[in-house]
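What follows is the content of query20.pdb, which has PDB, C-alpha atoms:
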MODEL        1
ATOM      1  CA  MET W   3       1.425  12.167  18.598
ATOM      2  CA  SER W   4       2.555  10.515  21.789
ATOM      3  CA  SER W   5       0.375  10.387  24.883
ATOM      4  CA  ASP W   6       3.506  11.100  26.924
ATOM      5  CA  SER W   7       6.095  13.685  25.893
ATOM      6  CA  HIS W   8       8.847  11.345  27.168
ATOM      7  CA  THR W   9       7.553   8.159  25.558
ATOM      8  CA  GLY W  10       7.389   7.380  21.873
ATOM      9  CA  GLN W  11       4.287   6.225  20.014
ATOM     10  CA  VAL W  12       4.212   2.817  18.318
ATOM     11  CA  ILE W  13       2.317   1.924  15.149
ATOM     12  CA  ILE W  14       2.326  -1.737  14.119
ATOM     13  CA  LEU W  15       1.158  -2.311  10.524
ATOM     14  CA  ASN W  16       0.058  -5.927  10.174
ATOM     15  CA  GLY W  17      -0.774  -7.448   6.806
ATOM     16  CA  PRO W  18       0.387  -9.967   4.205
ATOM     17  CA  PRO W  19       3.283  -9.263   1.841
ATOM     18  CA  ARG W  20       2.434  -6.858  -1.006
ATOM     19  CA  SER W  21      -0.505  -5.345   0.891
ATOM     20  CA  GLY W  22       1.060  -1.876   0.942
ATOM     21  CA  LYS W  23       2.522  -1.767   4.456
ATOM     22  CA  SER W  24       5.973  -0.566   3.430
ATOM     23  CA  THR W  25       4.652   2.429   1.507
ATOM     24  CA  ILE W  26       2.326   3.395   4.361
ATOM     25  CA  ALA W  27       5.282   3.238   6.767
ATOM     26  CA  LYS W  28       7.334   5.520   4.521
ATOM     27  CA  LEU W  29       4.480   8.036   4.305
ATOM     28  CA  ILE W  30       4.146   8.044   8.100
ATOM     29  CA  GLN W  31       7.867   8.762   8.360
ATOM     30  CA  ALA W  32       7.564  11.589   5.859
ATOM     31  CA  GLU W  33       4.360  13.212   7.081
ATOM     32  CA  PHE W  34       3.950  12.645  10.824
ATOM     33  CA  GLU W  35       5.496  15.020  13.309
ATOM     34  CA  GLY W  36       8.749  13.975  14.946
ATOM     35  CA  PRO W  37      11.163  11.158  14.162
ATOM     36  CA  TRP W  38       9.553   7.840  13.213
ATOM     37  CA  MET W  39      11.947   4.896  13.123
ATOM     38  CA  ASN W  40      11.004   2.094  10.728
ATOM     39  CA  PHE W  41      11.298  -1.473  12.016
ATOM     40  CA  GLY W  42      10.053  -3.630   9.149
ATOM     41  CA  MET W  43      10.279  -7.146   7.783
ATOM     42  CA  ASP W  44      12.707  -6.148   5.034
ATOM     43  CA  THR W  45      14.950  -4.264   7.454
ATOM     44  CA  TYR W  46      15.082  -7.167   9.886
ATOM     45  CA  LEU W  47      15.630  -9.653   7.067
ATOM     46  CA  HIS W  48      18.837  -7.901   6.061
ATOM     47  CA  ALA W  49      20.005  -8.026   9.694
ATOM     48  CA  THR W  50      19.375 -11.786   9.858
ATOM     49  CA  PRO W  51      22.197 -14.210   8.966
ATOM     50  CA  GLU W  52      21.521 -15.932   5.657
ATOM     51  CA  ARG W  53      21.260 -19.415   7.161
ATOM     52  CA  TYR W  54      18.402 -18.241   9.416
ATOM     53  CA  ARG W  55      16.439 -16.392   6.738
ATOM     54  CA  PRO W  56      13.712 -15.430   6.208
ATOM     55  CA  GLY W  57      13.586 -15.214  10.011
ATOM     56  CA  ILE W  58      10.468 -13.349  11.131
ATOM     57  CA  GLY W  59       9.246 -13.532   7.533
ATOM     58  CA  LEU W  60       8.938 -17.324   7.640
ATOM     59  CA  PRO W  61       5.799 -18.003   5.545
ATOM     60  CA  PRO W  62       2.733 -19.787   6.935
ATOM     61  CA  GLY W  63       3.010 -23.546   6.518
ATOM     62  CA  ALA W  64       6.638 -23.329   5.401
ATOM     63  CA  GLY W  65       7.514 -26.587   7.146
ATOM     64  CA  ARG W  66      10.823 -25.198   8.424
ATOM     65  CA  GLU W  67      10.879 -26.533  11.970
ATOM     66  CA  ASP W  68      14.639 -25.953  11.985
ATOM     67  CA  LEU W  69      13.935 -22.198  11.820
ATOM     68  CA  GLU W  70      10.797 -22.073  13.939
ATOM     69  CA  GLU W  71      12.694 -22.282  17.208
ATOM     70  CA  PHE W  72      14.410 -18.983  16.375
ATOM     71  CA  VAL W  73      11.363 -17.024  15.196
ATOM     72  CA  PRO W  74       9.992 -16.282  18.721
ATOM     73  CA  LEU W  75      13.475 -15.158  19.769
ATOM     74  CA  PHE W  76      13.844 -12.874  16.749
ATOM     75  CA  TYR W  77      10.437 -11.305  17.396
ATOM     76  CA  ALA W  78      11.166 -10.890  21.105
ATOM     77  CA  ALA W  79      14.425  -9.083  20.342
ATOM     78  CA  LEU W  80      12.746  -6.891  17.725
ATOM     79  CA  TYR W  81       9.962  -5.829  20.093
ATOM     80  CA  GLU W  82      12.389  -5.179  22.934
ATOM     81  CA  SER W  83      14.258  -2.898  20.514
ATOM     82  CA  ILE W  84      11.013  -1.101  19.713
ATOM     83  CA  ALA W  85      10.382  -0.622  23.431
ATOM     84  CA  MET W  86      13.893   0.735  23.960
ATOM     85  CA  HIS W  87      13.535   3.294  21.161
ATOM     86  CA  CYS W  88      10.250   4.470  22.661
ATOM     87  CA  ALA W  89      11.872   4.802  26.066
ATOM     88  CA  PHE W  90      14.133   7.422  24.478
ATOM     89  CA  GLY W  91      11.128   9.307  23.130
ATOM     90  CA  LEU W  92      11.443   8.034  19.550
ATOM     91  CA  ASN W  93       8.328   6.991  17.639
ATOM     92  CA  VAL W  94       8.342   3.635  15.861
ATOM     93  CA  VAL W  95       6.381   2.350  12.880
ATOM     94  CA  ALA W  96       6.817  -1.357  12.158
ATOM     95  CA  GLU W  97       5.451  -3.131   9.091
ATOM     96  CA  LEU W  98       5.111  -6.821   9.910
ATOM     97  CA  ALA W  99       3.166  -9.944   8.980
ATOM     98  CA  HIS W 100       2.313 -11.692  12.237
ATOM     99  CA  HIS W 101       0.848 -15.184  11.981
ATOM    100  CA  ASP W 102       0.731 -18.389  14.021
ATOM    101  CA  ASP W 103       0.602 -20.897  11.156
ATOM    102  CA  TYR W 104       3.685 -22.884  12.139
ATOM    103  CA  SER W 105       4.082 -26.605  12.774
ATOM    104  CA  ARG W 106       2.602 -25.795  16.200
ATOM    105  CA  PRO W 107       1.146 -22.590  17.673
ATOM    106  CA  LEU W 108       3.889 -20.328  19.023
ATOM    107  CA  GLY W 109       1.776 -17.482  20.440
ATOM    108  CA  ILE W 110       4.287 -14.904  19.227
ATOM    109  CA  LEU W 111       1.857 -12.006  18.782
ATOM    110  CA  SER W 112       0.622 -12.194  22.357
ATOM    111  CA  ASP W 113       4.204 -12.286  23.611
ATOM    112  CA  CYS W 114       5.052  -9.226  21.512
ATOM    113  CA  ALA W 115       1.983  -7.407  22.820
ATOM    114  CA  ARG W 116       3.079  -8.132  26.382
ATOM    115  CA  ARG W 117       6.492  -6.610  25.697
ATOM    116  CA  LEU W 118       4.875  -3.270  24.797
ATOM    117  CA  GLU W 119       2.194  -3.316  27.482
ATOM    118  CA  GLU W 120       3.380  -0.066  29.075
ATOM    119  CA  LEU W 121       3.562   1.813  25.766
ATOM    120  CA  PRO W 122       0.989   3.532  23.529
ATOM    121  CA  VAL W 123       0.486   1.116  20.608
ATOM    122  CA  LEU W 124      -1.809   1.443  17.615
ATOM    123  CA  PHE W 125      -2.312  -1.933  15.916
ATOM    124  CA  VAL W 126      -3.318  -1.437  12.290
ATOM    125  CA  GLY W 127      -4.767  -4.169  10.084
ATOM    126  CA  VAL W 128      -3.638  -3.585   6.510
ATOM    127  CA  ARG W 129      -6.055  -5.424   4.262
ATOM    128  CA  CYS W 130      -5.992  -5.999   0.537
ATOM    129  CA  PRO W 131      -8.017  -8.466  -1.593
ATOM    130  CA  ILE W 132      -6.084 -11.559  -2.616
ATOM    131  CA  ASP W 133      -6.548 -10.889  -6.335
ATOM    132  CA  VAL W 134      -4.944  -7.461  -5.973
ATOM    133  CA  ILE W 135      -2.054  -8.914  -3.963
ATOM    134  CA  LYS W 136      -1.416 -11.474  -6.708
ATOM    135  CA  GLU W 137      -1.363  -8.683  -9.297
ATOM    136  CA  ARG W 138       1.281  -6.877  -7.235
ATOM    137  CA  LEU W 139       3.592  -9.890  -7.055
ATOM    138  CA  PRO W 140       6.640  -9.163  -9.213
ATOM    139  CA  THR W 141       7.742 -11.592 -11.887
ATOM    140  CA  GLY W 142      11.145 -13.110 -11.323
ATOM    141  CA  GLN W 143      11.252 -12.315  -7.602
ATOM    142  CA  ASN W 144      14.643 -11.743  -6.055
ATOM    143  CA  GLY W 145      16.128 -10.348  -2.885
ATOM    144  CA  ALA W 146      13.840  -9.786   0.108
ATOM    145  CA  ALA W 147      10.665 -10.377  -1.913
ATOM    146  CA  ALA W 148      11.862 -13.826  -2.903
ATOM    147  CA  GLU W 149      12.918 -14.831   0.611
ATOM    148  CA  ILE W 150       9.591 -13.749   2.115
ATOM    149  CA  ALA W 151       7.474 -15.600  -0.422
ATOM    150  CA  GLY W 152       4.916 -18.323   0.317
ATOM    151  CA  ASP W 153       1.327 -18.849  -0.767
ATOM    152  CA  PRO W 154      -0.520 -15.486  -0.951
ATOM    153  CA  ALA W 155      -3.864 -17.057   0.019
ATOM    154  CA  ARG W 156      -2.374 -18.729   3.072
ATOM    155  CA  TRP W 157      -0.638 -15.496   4.086
ATOM    156  CA  GLN W 158      -3.932 -13.642   3.724
ATOM    157  CA  GLU W 159      -5.792 -15.983   6.062
ATOM    158  CA  ALA W 160      -3.025 -16.519   8.605
ATOM    159  CA  VAL W 161      -1.975 -12.883   9.057
ATOM    160  CA  HIS W 162      -5.493 -11.664   9.840
ATOM    161  CA  THR W 163      -6.156 -14.320  12.481
ATOM    162  CA  PRO W 164      -7.478 -13.417  15.048
ATOM    163  CA  GLY W 165      -8.044 -10.041  13.340
ATOM    164  CA  ILE W 166      -8.124  -7.852  16.462
ATOM    165  CA  TYR W 167      -7.129  -4.296  15.499
ATOM    166  CA  ASP W 168      -7.485  -0.708  16.649
ATOM    167  CA  VAL W 169      -8.075   0.447  13.094
ATOM    168  CA  GLU W 170      -8.131  -1.198   9.660
ATOM    169  CA  VAL W 171      -7.324   0.129   6.202
ATOM    170  CA  ASP W 172      -7.790  -1.407   2.761
ATOM    171  CA  THR W 173      -5.149  -0.432   0.223
ATOM    172  CA  ALA W 174      -7.299  -1.571  -2.705
ATOM    173  CA  ARG W 175     -10.339   0.531  -1.765
ATOM    174  CA  MET W 176      -8.470   3.474  -0.245
ATOM    175  CA  SER W 177      -5.585   5.502  -1.581
ATOM    176  CA  LEU W 178      -2.379   5.313   0.423
ATOM    177  CA  ALA W 179      -2.955   8.922   1.490
ATOM    178  CA  GLU W 180      -6.408   7.952   2.776
ATOM    179  CA  CYS W 181      -4.923   5.016   4.665
ATOM    180  CA  VAL W 182      -2.406   7.285   6.380
ATOM    181  CA  ALA W 183      -5.139   9.836   7.140
ATOM    182  CA  ALA W 184      -7.255   7.125   8.795
ATOM    183  CA  ILE W 185      -4.294   6.095  10.942
ATOM    184  CA  ARG W 186      -3.620   9.703  11.912
ATOM    185  CA  GLU W 187      -7.289  10.228  12.771
ATOM    186  CA  ARG W 188      -7.328   7.179  15.050
ATOM    187  CA  LEU W 189      -4.164   8.328  16.797
ATOM    188  CA  GLU W 190      -5.580  11.777  17.418
ATOM    189  CA  ALA W 191      -8.941  10.402  18.598
ATOM    190  CA  GLY W 192      -7.255   7.952  20.938
ATOM    191  CA  VAL W 193      -7.371   4.168  21.113
ATOM    192  CA  ALA W 194     -10.371   2.514  22.746
ATOM    193  CA  SER W 195      -9.789   0.587  25.960
ATOM    194  CA  PRO W 196      -8.859  -2.196  26.039
ATOM    195  CA  SER W 197      -6.631  -1.632  23.035
ATOM    196  CA  ALA W 198      -5.956  -4.369  20.513
ATOM    197  CA  PHE W 199      -2.567  -5.123  22.050
ATOM    198  CA  GLU W 200      -4.056  -5.231  25.547
ATOM    199  CA  GLN W 201      -6.531  -7.845  24.324
ATOM    200  CA  LEU W 202      -3.866  -9.820  22.480
ATOM    201  CA  ALA W 203      -1.535  -9.841  25.490
ATOM    202  CA  GLU W 204      -4.166 -11.817  27.401
ATOM    203  CA  ARG W 205      -5.102 -14.147  24.561
ATOM    204  CA  HIS W 206      -2.472 -16.923  24.628
ATOM    205  CA  LEU W 207       0.245 -18.349  26.794
ATOM    206  CA  VAL W 208       3.670 -16.828  26.245
ATOM    207  CA  PRO W 209       5.889 -19.124  24.143
ATOM    208  CA  VAL W 210       8.664 -20.658  26.231
ATOM    209  CA  ALA W 211      11.413 -19.914  23.669
ATOM    210  CA  ALA W 212      10.771 -16.176  23.742
ATOM    211  CA  ASP W 213      10.008 -15.954  27.467
ATOM    212  CA  SER W 214      13.415 -17.419  28.227
ATOM    213  CA  TYR W 215      14.951 -14.202  26.926
ATOM    214  CA  ASP W 216      13.048 -11.648  28.994
ATOM    215  CA  LEU W 217      15.139  -8.583  29.783
TER     216      LEU W 217
ENDMDL
END
Using structure tokens, write down the structure that the file contains.
Amino acid sequence: MSSDSHTGQVIILNGPPRSGKSTIAKLIQAEFEGPWMNFGMDTYLHATPERYRPGIGLPPGAGREDLEEFVPLFYAALYESIAMHCAFGLNVVAELAHHDDYSRPLGILSDCARRLEELPVLFVGVRCPIDVIKERLPTGQNGAAAEIAGDPARWQEAVHTPGIYDVEVDTARMSLAECVAAIRERLEAGVASPSAFEQLAERHLVPVAADSYDL
């Protein structure tokens, strides 16, 4: 499903925790042609030293300015890794929860979009009503779910700002199979120009912390 036989395709699934992103990513890996590498919040969390967790999963309004300086760097490194995998012809699906609700705007999403500007990227908004998300929250959270916690309502609002996507799915109104089918259909039909990531790359200034680590 790549526009170039030598370049991998990227799918970024963006939505709040418990919206269904992880399951969609697994279905894409299982059903789409070719190898699809999964770069997700949970995967990156386990790669992050404990004292810097939850890293890229830092919740909106967490008030952790001691961690905020590292978040742009973590995202920059993650997206450069995505770009490198694609350069080798590997497809990448990444389930993330981008937001800019920190103690000050960091402009991370626009920086990430810039890092993939030469690659085919489908930016997918994964939506789910807040009441359904609350029902999906496990009791007695532990592990990754506990570290990437936060207020569900604040996640919901922050993650879908500015809400620029190539395609959107709703895991409460659509089955997971229907969500994956909609993503496949958009890939096969092609992304409109300018794509969501092309628009986002021009939206904000690049954060200094991440830009200092350009490769």
*Given the file above and the PyMOL selection byres ((chain W and resi 165) around 12), which residues are selected, and can you give them as JSON, numbers by chain?*
{"W": [16, 17, 100, 101, 111, 125, 126, 127, 128, 129, 158, 159, 160, 161, 162, 163, 164, 166, 167, 168, 169, 170, 198, 199, 201, 202]}
*asked:* I want to know what sits within 12 Å of Ile132 in chain W, based on only C-alpha atoms, with residues of the same chain fewer than 6 positions away left out; could you give that as an MDAnalysis selection string?
replied: chainID W and resid 17:21 138:139 153:159 172:174
*Determine the residue membership of the PyMOL selection byres ((chain W and resi 105) around 8) for the file above and supply it as a ChimeraX atom specification.*
/W:63,65,67,103-104,106-107
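Closest approach to Glu33 in chain W among W:Val193, W:Ala183, W:Val12, W:Cys114 is made by W:Ala183 (distances from all atoms listed in the file).
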Hey, can I get the axis-aligned box for range 22-39 of chain W? All listed atoms, 6 Å padding on each side, centre and edge lengths in Å to one decimal, as AutoDock Vina command-line options.
--center_x 6.5 --center_y 6.6 --center_z 7.9 --size_x 22.9 --size_y 28.9 --size_z 26.0
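With distances restricted to all atoms listed in the file, W:Val134 is the closest residue to Arg175 in chain W from W:Ile84, W:Val134, W:Ala27, W:Ala151.
Neighbouring residues of Val94 in chain W at 8 Å or closer, counting only C-alpha atoms and skipping chain neighbours under 2 positions away, are Gly10, Gln11, Val12, Ile13, Trp38, Met39, Asn40, Phe41, Ile84, His87, Cys88, Leu92 and Ala96 of chain W.
Interatomic distance, CA of Val123 in chain W to CA of Gln31 in chain W: 16.2 Å.
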